[in-house]
>>> print(open('target_32.cif').read())   # mmCIF, C-alpha atoms
data_final
#
loop_
_atom_site.label_atom_id
_atom_site.label_comp_id
_atom_site.auth_asym_id
_atom_site.auth_seq_id
_atom_site.Cartn_x
_atom_site.Cartn_y
_atom_site.Cartn_z
CA MET A 1 -46.72 27.50 153.63
CA PRO A 2 -47.35 25.61 150.42
CA TYR A 3 -46.44 22.01 149.79
CA VAL A 4 -45.86 20.99 146.19
CA ASN A 5 -45.34 17.42 145.03
CA ILE A 6 -44.04 16.88 141.51
CA LYS A 7 -44.25 13.34 140.18
CA ILE A 8 -42.28 12.63 137.03
CA THR A 9 -40.89 9.54 135.39
CA ASP A 10 -37.42 8.47 136.44
CA GLU A 11 -35.60 9.11 133.19
CA GLY A 12 -32.29 10.76 133.95
CA VAL A 13 -33.41 13.98 135.62
CA THR A 14 -30.29 15.91 136.60
CA THR A 15 -29.65 17.77 139.85
CA GLU A 16 -29.58 21.01 137.85
CA GLN A 17 -33.06 20.25 136.47
CA LYS A 18 -34.33 19.50 139.97
CA ARG A 19 -32.89 22.82 141.15
CA LYS A 20 -34.77 24.60 138.36
CA LEU A 21 -38.01 22.83 139.24
CA VAL A 22 -37.64 23.88 142.89
CA GLN A 23 -36.71 27.46 142.04
CA GLY A 24 -39.44 27.87 139.44
CA THR A 25 -42.19 26.37 141.56
CA THR A 26 -41.22 28.41 144.60
CA GLN A 27 -41.04 31.63 142.56
CA LEU A 28 -44.48 30.89 141.09
CA LEU A 29 -46.02 30.61 144.56
CA VAL A 30 -44.30 33.83 145.61
CA ASP A 31 -45.47 35.68 142.50
CA VAL A 32 -49.05 34.41 142.30
CA LEU A 33 -49.98 34.03 145.96
CA GLY A 34 -47.35 35.99 147.88
CA LYS A 35 -46.22 32.89 149.78
CA SER A 36 -43.02 32.86 151.81
CA PRO A 37 -40.16 30.82 150.28
CA ALA A 38 -38.95 29.92 153.79
CA THR A 39 -42.00 27.71 154.28
CA THR A 40 -42.47 26.47 150.72
CA PHE A 41 -41.70 22.78 150.26
CA VAL A 42 -41.22 21.15 146.88
CA VAL A 43 -40.87 17.35 146.83
CA ILE A 44 -39.94 15.60 143.57
CA ASP A 45 -40.84 11.94 143.14
CA GLU A 46 -39.09 10.11 140.33
CA VAL A 47 -41.26 7.14 139.38
CA SER A 48 -39.96 4.12 137.46
CA THR A 49 -41.46 3.89 133.96
CA ASP A 50 -42.59 0.38 134.95
CA ASN A 51 -44.71 1.94 137.70
CA TRP A 52 -46.52 4.62 135.69
CA GLY A 53 -49.51 3.77 133.53
CA LEU A 54 -51.16 5.88 130.87
CA GLY A 55 -53.90 4.79 128.47
CA TYR A 56 -53.85 1.12 129.65
CA HIS A 57 -50.07 0.88 129.12
CA LEU A 58 -46.99 1.11 131.27
CA VAL A 59 -44.82 4.04 130.24
CA SER A 60 -41.92 1.59 129.80
CA GLU A 61 -43.97 -0.11 127.07
CA LEU A 62 -44.89 3.21 125.47
CA ARG A 63 -41.21 4.20 125.42
CA GLN A 64 -40.22 0.86 123.79
CA ALA A 65 -42.95 1.19 121.16
CA ALA A 66 -41.90 4.76 120.40
CA ALA A 67 -38.26 3.69 120.02
CA GLN A 68 -39.10 1.14 117.36
CA MET B 1 -59.24 3.68 159.60
CA PRO B 2 -56.69 6.47 159.33
CA TYR B 3 -53.95 6.65 156.76
CA VAL B 4 -50.85 8.64 157.68
CA ASN B 5 -48.04 9.48 155.30
CA ILE B 6 -44.81 10.80 156.77
CA LYS B 7 -42.34 12.31 154.31
CA ILE B 8 -38.85 12.89 155.63
CA THR B 9 -35.44 13.32 154.05
CA ASP B 10 -33.46 10.15 153.44
CA GLU B 11 -30.66 10.73 155.91
CA GLY B 12 -29.94 7.48 157.72
CA VAL B 13 -33.26 6.84 159.44
CA THR B 14 -32.95 3.56 161.35
CA THR B 15 -35.49 0.76 161.57
CA GLU B 16 -35.84 1.51 165.29
CA GLN B 17 -36.70 5.14 164.50
CA LYS B 18 -39.27 4.00 161.93
CA ARG B 19 -40.78 1.70 164.55
CA LYS B 20 -41.08 4.64 166.95
CA LEU B 21 -42.72 6.81 164.28
CA VAL B 22 -45.27 4.07 163.56
CA GLN B 23 -45.97 3.40 167.24
CA GLY B 24 -46.21 7.05 168.17
CA THR B 25 -48.45 8.03 165.29
CA THR B 26 -50.76 5.07 165.83
CA GLN B 27 -50.99 5.79 169.57
CA LEU B 28 -51.80 9.43 168.85
CA LEU B 29 -54.74 8.44 166.66
CA VAL B 30 -55.96 6.01 169.31
CA ASP B 31 -55.65 8.62 172.08
CA VAL B 32 -57.07 11.65 170.26
CA LEU B 33 -59.72 10.10 168.04
CA GLY B 34 -60.30 6.60 169.40
CA LYS B 35 -59.22 4.98 166.12
CA SER B 36 -58.53 1.25 165.88
CA PRO B 37 -54.83 0.33 165.49
CA ALA B 38 -55.83 -2.68 163.36
CA THR B 39 -56.88 -0.35 160.56
CA THR B 40 -54.35 2.42 161.05
CA PHE B 41 -51.75 2.64 158.28
CA VAL B 42 -48.55 4.64 158.55
CA VAL B 43 -46.41 4.95 155.42
CA ILE B 44 -42.97 6.56 155.65
CA ASP B 45 -41.42 8.03 152.51
CA GLU B 46 -37.71 8.72 152.65
CA VAL B 47 -36.95 11.40 150.07
CA SER B 48 -33.47 12.05 148.66
CA THR B 49 -32.09 15.43 149.75
CA ASP B 50 -31.63 16.15 146.04
CA ASN B 51 -35.41 15.83 145.61
CA TRP B 52 -36.59 18.09 148.42
CA GLY B 53 -36.66 21.84 148.01
CA LEU B 54 -37.04 24.51 150.69
CA GLY B 55 -36.70 28.25 150.23
CA TYR B 56 -35.55 27.99 146.57
CA HIS B 57 -32.81 25.48 147.45
CA LEU B 58 -32.38 21.73 147.36
CA VAL B 59 -31.90 20.31 150.85
CA SER B 60 -28.65 18.72 149.63
CA GLU B 61 -27.35 22.25 148.96
CA LEU B 62 -28.57 23.50 152.34
CA ARG B 63 -26.79 20.61 154.04
CA GLN B 64 -23.54 21.35 152.18
CA ALA B 65 -23.73 25.05 153.06
CA ALA B 66 -24.40 24.21 156.72
CA ALA B 67 -21.42 21.84 156.80
CA GLN B 68 -19.01 24.52 155.69
CA MET C 1 -38.45 19.54 157.24
CA PRO C 2 -40.99 16.75 157.48
CA TYR C 3 -44.37 16.76 155.81
CA VAL C 4 -47.08 14.65 157.41
CA ASN C 5 -50.48 14.01 155.88
CA ILE C 6 -53.17 12.50 158.11
CA LYS C 7 -56.25 11.20 156.34
CA ILE C 8 -59.23 10.46 158.55
CA THR C 9 -62.95 10.14 158.02
CA ASP C 10 -64.97 13.32 158.31
CA GLU C 11 -66.94 12.47 161.43
CA GLY C 12 -67.05 15.51 163.67
CA VAL C 13 -63.37 16.05 164.40
CA THR C 14 -63.07 19.11 166.60
CA THR C 15 -60.52 21.91 166.34
CA GLU C 16 -59.14 20.83 169.70
CA GLN C 17 -58.59 17.31 168.36
CA LYS C 18 -56.87 18.72 165.27
CA ARG C 19 -54.62 20.78 167.54
CA LYS C 20 -53.68 17.64 169.46
CA LEU C 21 -52.92 15.75 166.24
CA VAL C 22 -50.64 18.58 165.07
CA GLN C 23 -48.89 18.92 168.43
CA GLY C 24 -48.45 15.18 168.90
CA THR C 25 -47.16 14.52 165.41
CA THR C 26 -44.75 17.44 165.54
CA GLN C 27 -43.45 16.39 168.96
CA LEU C 28 -42.94 12.83 167.68
CA LEU C 29 -40.75 14.07 164.83
CA VAL C 30 -38.78 16.25 167.24
CA ASP C 31 -38.30 13.40 169.71
CA VAL C 32 -37.52 10.58 167.29
CA LEU C 33 -35.62 12.36 164.53
CA GLY C 34 -34.62 15.72 165.99
CA LYS C 35 -36.57 17.62 163.35
CA SER C 36 -37.25 21.35 163.66
CA PRO C 37 -40.88 22.26 164.47
CA ALA C 38 -40.52 25.46 162.44
CA THR C 39 -40.35 23.43 159.24
CA THR C 40 -42.67 20.57 160.17
CA PHE C 41 -45.97 20.59 158.28
CA VAL C 42 -48.98 18.52 159.29
CA VAL C 43 -51.94 18.48 156.90
CA ILE C 44 -55.19 16.82 157.97
CA ASP C 45 -57.61 15.61 155.29
CA GLU C 46 -61.14 14.86 156.45
CA VAL C 47 -62.65 12.43 153.96
CA SER C 48 -66.39 11.86 153.59
CA THR C 49 -67.44 8.37 154.71
CA ASP C 50 -68.96 7.98 151.23
CA ASN C 51 -65.49 8.43 149.75
CA TRP C 52 -63.56 5.92 151.87
CA GLY C 53 -63.68 2.21 151.11
CA LEU C 54 -62.56 -0.68 153.30
CA GLY C 55 -63.07 -4.37 152.60
CA TYR C 56 -65.23 -3.78 149.48
CA HIS C 57 -67.57 -1.40 151.37
CA LEU C 58 -67.95 2.33 151.76
CA VAL C 59 -67.37 3.40 155.35
CA SER C 60 -70.82 5.05 155.28
CA GLU C 61 -72.29 1.58 154.70
CA LEU C 62 -70.16 0.04 157.44
CA ARG C 63 -71.31 2.75 159.85
CA GLN C 64 -74.98 2.14 158.96
CA ALA C 65 -74.60 -1.63 159.39
CA ALA C 66 -72.87 -1.13 162.75
CA ALA C 67 -75.65 1.18 163.94
CA GLN C 68 -78.33 -1.43 163.31
CA MET D 1 -58.65 12.79 133.60
CA PRO D 2 -58.32 10.64 136.69
CA TYR D 3 -55.17 10.15 138.68
CA VAL D 4 -54.85 6.93 140.65
CA ASN D 5 -52.09 6.18 143.11
CA ILE D 6 -51.69 2.59 144.29
CA LYS D 7 -49.43 2.07 147.28
CA ILE D 8 -48.40 -1.51 147.97
CA THR D 9 -45.58 -3.17 149.84
CA ASP D 10 -42.42 -3.85 147.86
CA GLU D 11 -42.54 -7.64 147.85
CA GLY D 12 -41.62 -8.88 144.39
CA VAL D 13 -44.37 -7.34 142.28
CA THR D 14 -43.73 -8.32 138.66
CA THR D 15 -44.03 -6.12 135.59
CA GLU D 16 -46.89 -8.32 134.43
CA GLN D 17 -48.74 -7.67 137.70
CA LYS D 18 -48.14 -3.94 137.34
CA ARG D 19 -49.53 -4.11 133.81
CA LYS D 20 -52.66 -5.81 135.13
CA LEU D 21 -53.09 -3.17 137.85
CA VAL D 22 -52.82 -0.40 135.26
CA GLN D 23 -55.19 -2.10 132.81
CA GLY D 24 -57.75 -3.02 135.46
CA THR D 25 -57.79 0.38 137.13
CA THR D 26 -58.07 2.21 133.82
CA GLN D 27 -60.88 -0.08 132.64
CA LEU D 28 -62.73 0.48 135.91
CA LEU D 29 -62.67 4.25 135.42
CA VAL D 30 -63.84 3.84 131.83
CA ASP D 31 -66.67 1.49 132.83
CA VAL D 32 -67.91 3.28 135.95
CA LEU D 33 -67.37 6.93 135.06
CA GLY D 34 -66.82 7.00 131.29
CA LYS D 35 -63.34 8.49 131.69
CA SER D 36 -60.90 8.64 128.76
CA PRO D 37 -57.97 6.20 129.00
CA ALA D 38 -55.76 8.72 127.19
CA THR D 39 -55.80 10.97 130.24
CA THR D 40 -55.95 8.35 132.98
CA PHE D 41 -52.77 8.07 135.02
CA VAL D 42 -52.00 5.18 137.35
CA VAL D 43 -48.92 5.49 139.54
CA ILE D 44 -47.76 2.51 141.60
CA ASP D 45 -45.62 3.09 144.67
CA GLU D 46 -43.79 0.08 146.05
CA VAL D 47 -43.07 0.76 149.71
CA SER D 48 -40.42 -1.11 151.71
CA THR D 49 -41.94 -3.32 154.41
CA ASP D 50 -39.72 -1.41 156.87
CA ASN D 51 -41.58 1.78 155.93
CA TRP D 52 -45.18 0.59 156.29
CA GLY D 53 -46.83 0.36 159.67
CA LEU D 54 -50.04 -1.42 160.61
CA GLY D 55 -51.41 -1.92 164.11
CA TYR D 56 -48.32 -0.43 165.85
CA HIS D 57 -45.96 -2.74 163.91
CA LEU D 58 -43.77 -2.46 160.85
CA VAL D 59 -44.94 -4.84 158.12
CA SER D 60 -41.42 -6.32 158.07
CA GLU D 61 -41.97 -7.38 161.69
CA LEU D 62 -45.44 -8.77 160.91
CA ARG D 63 -43.95 -10.80 158.04
CA GLN D 64 -41.20 -12.18 160.28
CA ALA D 65 -43.69 -13.13 162.99
CA ALA D 66 -45.96 -14.80 160.42
CA ALA D 67 -43.04 -16.79 159.02
CA GLN D 68 -42.21 -18.29 162.38
CA MET E 1 -46.73 12.91 131.82
CA PRO E 2 -46.10 14.75 135.05
CA TYR E 3 -48.53 15.00 137.92
CA VAL E 4 -48.21 18.01 140.19
CA ASN E 5 -50.13 18.49 143.41
CA ILE E 6 -50.11 21.95 145.00
CA LYS E 7 -51.40 22.16 148.56
CA ILE E 8 -52.11 25.65 149.84
CA THR E 9 -54.25 27.08 152.59
CA ASP E 10 -57.84 27.89 151.71
CA GLU E 11 -57.68 31.66 152.02
CA GLY E 12 -59.54 33.20 149.12
CA VAL E 13 -57.55 31.91 146.15
CA THR E 14 -59.21 33.23 142.99
CA THR E 15 -59.86 31.34 139.78
CA GLU E 16 -57.42 33.66 138.03
CA GLN E 17 -54.72 32.75 140.55
CA LYS E 18 -55.44 29.05 140.03
CA ARG E 19 -55.14 29.57 136.28
CA LYS E 20 -51.74 31.19 136.79
CA LEU E 21 -50.58 28.32 139.00
CA VAL E 22 -51.62 25.79 136.35
CA GLN E 23 -50.05 27.75 133.48
CA GLY E 24 -46.82 28.46 135.34
CA THR E 25 -46.34 24.92 136.60
CA THR E 26 -47.07 23.41 133.19
CA GLN E 27 -44.69 25.84 131.47
CA LEU E 28 -41.97 25.00 133.98
CA LEU E 29 -42.23 21.30 133.17
CA VAL E 30 -42.16 22.05 129.46
CA ASP E 31 -39.13 24.33 129.80
CA VAL E 32 -37.05 22.28 132.24
CA LEU E 33 -37.88 18.72 131.20
CA GLY E 34 -39.50 19.01 127.78
CA LYS E 35 -42.75 17.43 129.03
CA SER E 36 -45.92 17.52 126.96
CA PRO E 37 -48.63 19.90 128.26
CA ALA E 38 -51.31 17.52 126.94
CA THR E 39 -50.40 14.99 129.63
CA THR E 40 -49.42 17.35 132.43
CA PHE E 41 -51.86 17.37 135.35
CA VAL E 42 -51.88 20.02 138.04
CA VAL E 43 -54.19 19.46 141.01
CA ILE E 44 -54.65 22.23 143.58
CA ASP E 45 -55.81 21.32 147.09
CA GLU E 46 -57.12 24.17 149.21
CA VAL E 47 -56.74 23.14 152.83
CA SER E 48 -58.67 24.77 155.70
CA THR E 49 -56.40 26.74 158.03
CA ASP E 50 -57.83 24.58 160.83
CA ASN E 51 -56.37 21.52 159.08
CA TRP E 52 -52.82 22.72 158.50
CA GLY E 53 -50.25 22.65 161.26
CA LEU E 54 -46.87 24.37 161.39
CA GLY E 55 -44.52 24.55 164.35
CA TYR E 56 -46.98 22.89 166.78
CA HIS E 57 -49.79 25.32 165.84
CA LEU E 58 -52.76 25.31 163.54
CA VAL E 59 -52.43 27.95 160.83
CA SER E 60 -55.78 29.37 161.95
CA GLU E 61 -54.18 30.10 165.33
CA LEU E 62 -51.08 31.60 163.72
CA ARG E 63 -53.30 33.87 161.61
CA GLN E 64 -55.26 35.00 164.67
CA ALA E 65 -52.08 35.71 166.62
CA ALA E 66 -50.64 37.66 163.68
CA ALA E 67 -53.83 39.73 163.39
CA GLN E 68 -53.62 40.89 166.99
CA MET F 1 -52.49 -3.78 153.01
CA PRO F 2 -52.79 -1.61 149.92
CA TYR F 3 -53.80 2.02 149.93
CA VAL F 4 -55.39 3.37 146.77
CA ASN F 5 -56.18 7.02 146.16
CA ILE F 6 -58.44 7.87 143.23
CA LYS F 7 -58.57 11.53 142.24
CA ILE F 8 -61.37 12.50 139.88
CA THR F 9 -63.13 15.72 139.02
CA ASP F 10 -66.14 16.64 141.14
CA GLU F 11 -68.83 16.29 138.51
CA GLY F 12 -71.80 14.51 140.04
CA VAL F 13 -70.29 11.18 141.00
CA THR F 14 -73.02 9.11 142.68
CA THR F 15 -72.69 6.95 145.78
CA GLU F 16 -73.38 3.91 143.59
CA GLN F 17 -70.48 4.85 141.33
CA LYS F 18 -68.23 5.29 144.36
CA ARG F 19 -69.28 1.85 145.58
CA LYS F 20 -68.34 0.37 142.21
CA LEU F 21 -64.94 2.09 142.28
CA VAL F 22 -64.26 0.70 145.76
CA GLN F 23 -65.44 -2.81 144.88
CA GLY F 24 -63.60 -2.91 141.56
CA THR F 25 -60.32 -1.60 142.92
CA THR F 26 -60.39 -3.93 145.90
CA GLN F 27 -61.19 -6.94 143.71
CA LEU F 28 -58.33 -6.02 141.37
CA LEU F 29 -55.85 -6.05 144.26
CA VAL F 30 -57.23 -9.39 145.45
CA ASP F 31 -57.05 -10.91 141.97
CA VAL F 32 -53.67 -9.57 140.85
CA LEU F 33 -51.70 -9.54 144.10
CA GLY F 34 -53.67 -11.70 146.51
CA LYS F 35 -54.15 -8.80 148.94
CA SER F 36 -56.63 -9.01 151.82
CA PRO F 37 -59.78 -6.89 151.40
CA ALA F 38 -59.89 -6.33 155.18
CA THR F 39 -56.81 -4.14 154.96
CA THR F 40 -57.37 -2.57 151.55
CA PHE F 41 -58.22 1.14 151.70
CA VAL F 42 -59.64 3.08 148.77
CA VAL F 43 -59.93 6.85 149.19
CA ILE F 44 -61.73 8.89 146.53
CA ASP F 45 -60.94 12.60 146.19
CA GLU F 46 -63.43 14.66 144.20
CA VAL F 47 -61.59 17.73 142.94
CA SER F 48 -63.34 20.90 141.77
CA THR F 49 -62.93 21.48 138.03
CA ASP F 50 -61.51 24.90 138.98
CA ASN F 51 -58.70 23.12 140.83
CA TRP F 52 -57.59 20.66 138.14
CA GLY F 53 -55.36 21.76 135.28
CA LEU F 54 -54.59 19.93 132.05
CA GLY F 55 -52.62 21.28 129.10
CA TYR F 56 -52.30 24.82 130.56
CA HIS F 57 -56.08 25.07 131.19
CA LEU F 58 -58.39 24.59 134.12
CA VAL F 59 -60.82 21.72 133.50
CA SER F 60 -63.68 24.16 134.16
CA GLU F 61 -62.49 26.14 131.13
CA LEU F 62 -62.12 23.00 129.01
CA ARG F 63 -65.68 21.99 129.94
CA GLN F 64 -67.03 25.43 129.00
CA ALA F 65 -65.20 25.39 125.68
CA ALA F 66 -66.48 21.88 124.92
CA ALA F 67 -70.05 22.92 125.73
CA GLN F 68 -69.99 25.73 123.18
#
>>> encode(input="target_32.cif", output="structure tokens")
Amino acid sequence: MPYVNIKITDEGVTTEQKRKLVQGTTQLLVDVLGKSPATTFVVIDEVSTDNWGLGYHLVSELRQAAAQ
Amino acid sequence: MPYVNIKITDEGVTTEQKRKLVQGTTQLLVDVLGKSPATTFVVIDEVSTDNWGLGYHLVSELRQAAAQ
Amino acid sequence: MPYVNIKITDEGVTTEQKRKLVQGTTQLLVDVLGKSPATTFVVIDEVSTDNWGLGYHLVSELRQAAAQ
Amino acid sequence: MPYVNIKITDEGVTTEQKRKLVQGTTQLLVDVLGKSPATTFVVIDEVSTDNWGLGYHLVSELRQAAAQ
Amino acid sequence: MPYVNIKITDEGVTTEQKRKLVQGTTQLLVDVLGKSPATTFVVIDEVSTDNWGLGYHLVSELRQAAAQ
Amino acid sequence: MPYVNIKITDEGVTTEQKRKLVQGTTQLLVDVLGKSPATTFVVIDEVSTDNWGLGYHLVSELRQAAAQ
């Protein structure tokens, strides 16, 4: 009965991509640990780039700098 | 000083239901462990059904299949 | 399919108390939101009092001060 | 490679305040533990006052009572 | 810069299995979202079966019942 | 009433270092957001280097490679 939480930045993730994340994560837990899909939860948190920091900077700032 | 995080799908939970979740959880920690309500936190996360996976599927898909 | 995480200090919680926390939390989600027990997870984290801070202090320090 | 999650109520936190939280937290981990900023994540969750409970009450209720 | 947290029961997971979980999860985020492995964290929490509840029961109880 | 969770690798963190993490984080929330220390929680999780992955590798492997 695994619980997986995936935190990613909120930058246009599609429903199809979410489906692939859920399928792939669930399959991994089945393959590696023999877990049951019926009790495998995957929760995806999409976090605003203003709310994620890396290396002293907000990701929104890193994205702006990279775009210039 | 417990911290409780309740993750549920975002499907029309009312403020009254949230109040009951907070009251019930806090009371449980008082009754079972003698914790102080003044330092008992309960945080409720409402997760989009597109962002919750169970048994290889997104909950949004499971809901659609169940509705048909 | 709720997921509940209860974080408490690691101070001699018994298996019977853990059972009551699981039963009470699950029942609350059934009563308030009509959730299914079969897909309700409750995970209890017992945190060392050296690893929990409140009001600038470690809980281990607060416990020592209270005992004096 | 620390991961820090800061949960606060969603009450008008500015981007500048978020920047200060990220900078201060990262600096703390550098100063106290010698961690590398390049692999230090800080994720800020802003939680609705309707979804945060303290002392049996929703924070939204506590705020209303305090305002009266 | 994804952060993934995998919570599983503490039932003899080997280092090789943990390596496969880390590799598989990281590859999934590379494949589906084009994320950089260099800033992809995967944290595995092994939870005692006494501390995980499902369907009103502790997993330790479910395991005992299944073994009989 | 902030809740802060700091996840770091379990590599000999001292009680004094934990105290500094708690004090520094709490002060940051007081300074930046005017939060009350009395309801500021800081929880430190020390994660085994076998249970933390970065860039496809377990941190325990990265540490061994760096030591050679």
>>> closest_atom_pairs(input="target_32.cif", of="chain F", to="chain B", cutoff="9 Å", atoms="only C-alpha atoms", output="Markdown table")
| residue | atom | partner | partner_atom | distance |
| --- | --- | --- | --- | --- |
| F:Met1 | CA | B:Phe41 | CA | 8.3 |
| F:Tyr3 | CA | B:Tyr3 | CA | 8.3 |
| F:Ala38 | CA | B:Thr39 | CA | 8.6 |
| F:Thr39 | CA | B:Thr39 | CA | 6.8 |
| F:Phe41 | CA | B:Met1 | CA | 8.4 |
>>> resolve_selection(input="target_32.cif", expression="the PyMOL selection byres ((chain A and resi 45) around 6)", output="PyMOL selection string")
chain A and resi 7+44+46
>>> closest_residue(input="target_32.cif", among="C:His57, C:Asn51, C:Gln68, C:Gly34", to="Asp10 of chain F", atoms="all atoms listed in the file")
C:Asn51
>>> resolve_selection(input="target_32.cif", expression="the PyMOL selection byres ((chain E and resi 13-23) around 7)", output="list in words")
Leu28 and Val32 of chain A; Asp10, Glu11, Gly12, Gly24, Thr25, Thr26, Gln27 and Val42 of chain E; Asp50, Asn51, Gly53, Tyr56, His57 and Leu58 of chain F
>>> atom_distance(input="target_32.cif", atom1="atom CA of Glu61 of chain E", atom2="atom CA of Thr49 of chain E")
8.3 Å
>>> atom_distance(input="target_32.cif", atom1="atom CA of Thr9 of chain E", atom2="atom CA of Leu29 of chain A")
12.0 Å
>>> atom_distance(input="target_32.cif", atom1="atom CA of Ser36 of chain A", atom2="atom CA of Val47 of chain B")
22.4 Å
>>> decode(input="target_32.cif", residues="segment 5-20 of chain C", atoms="N, CA, C and O atoms", output="short mmCIF file (atom, residue, chain, number, x, y, z; two decimals), in the first residue's frame")
data_model
loop_
_atom_site.label_atom_id
_atom_site.label_comp_id
_atom_site.auth_asym_id
_atom_site.auth_seq_id
_atom_site.Cartn_x
_atom_site.Cartn_y
_atom_site.Cartn_z
N ASN C 5 -1.75 11.80 7.40
CA ASN C 5 -0.45 11.67 8.04
C ASN C 5 -0.50 12.37 9.40
O ASN C 5 -0.80 13.55 9.48
N ILE C 6 -0.26 11.59 10.45
CA ILE C 6 -0.28 12.11 11.82
C ILE C 6 1.16 12.14 12.33
O ILE C 6 1.80 11.10 12.44
N LYS C 7 1.65 13.33 12.62
CA LYS C 7 2.99 13.46 13.18
C LYS C 7 2.88 13.79 14.66
O LYS C 7 2.24 14.78 15.02
N ILE C 8 3.48 12.94 15.49
CA ILE C 8 3.47 13.14 16.92
C ILE C 8 4.87 12.89 17.46
O ILE C 8 5.69 12.28 16.78
N THR C 9 5.12 13.37 18.65
CA THR C 9 6.43 13.11 19.25
C THR C 9 6.52 11.65 19.69
O THR C 9 5.53 11.02 20.03
N ASP C 10 7.73 11.15 19.60
CA ASP C 10 8.02 9.75 19.92
C ASP C 10 8.22 9.62 21.43
O ASP C 10 9.32 9.69 21.95
N GLU C 11 7.08 9.45 22.13
CA GLU C 11 7.14 9.40 23.59
C GLU C 11 6.28 8.24 24.10
O GLU C 11 5.33 8.44 24.85
N GLY C 12 6.64 7.04 23.67
CA GLY C 12 6.00 5.86 24.23
C GLY C 12 4.58 5.59 23.77
O GLY C 12 3.77 5.08 24.55
N VAL C 13 4.28 5.91 22.54
CA VAL C 13 2.95 5.62 22.01
C VAL C 13 2.81 4.10 21.87
O VAL C 13 3.68 3.43 21.31
N THR C 14 1.72 3.56 22.37
CA THR C 14 1.54 2.12 22.34
C THR C 14 0.84 1.69 21.04
O THR C 14 0.22 2.50 20.35
N THR C 15 0.94 0.40 20.75
CA THR C 15 0.25 -0.14 19.57
C THR C 15 -1.26 0.05 19.71
O THR C 15 -1.95 0.37 18.74
N GLU C 16 -1.76 -0.10 20.92
CA GLU C 16 -3.20 0.10 21.14
C GLU C 16 -3.60 1.56 20.82
O GLU C 16 -4.65 1.80 20.22
N GLN C 17 -2.75 2.50 21.22
CA GLN C 17 -3.05 3.91 20.90
C GLN C 17 -3.00 4.16 19.39
O GLN C 17 -3.83 4.90 18.85
N LYS C 18 -2.03 3.52 18.73
CA LYS C 18 -1.96 3.68 17.27
C LYS C 18 -3.22 3.11 16.61
O LYS C 18 -3.76 3.69 15.67
N ARG C 19 -3.67 1.97 17.12
CA ARG C 19 -4.89 1.36 16.59
C ARG C 19 -6.08 2.33 16.74
O ARG C 19 -6.87 2.51 15.82
N LYS C 20 -6.15 2.97 17.89
CA LYS C 20 -7.25 3.92 18.11
C LYS C 20 -7.15 5.14 17.20
O LYS C 20 -8.17 5.67 16.73
#
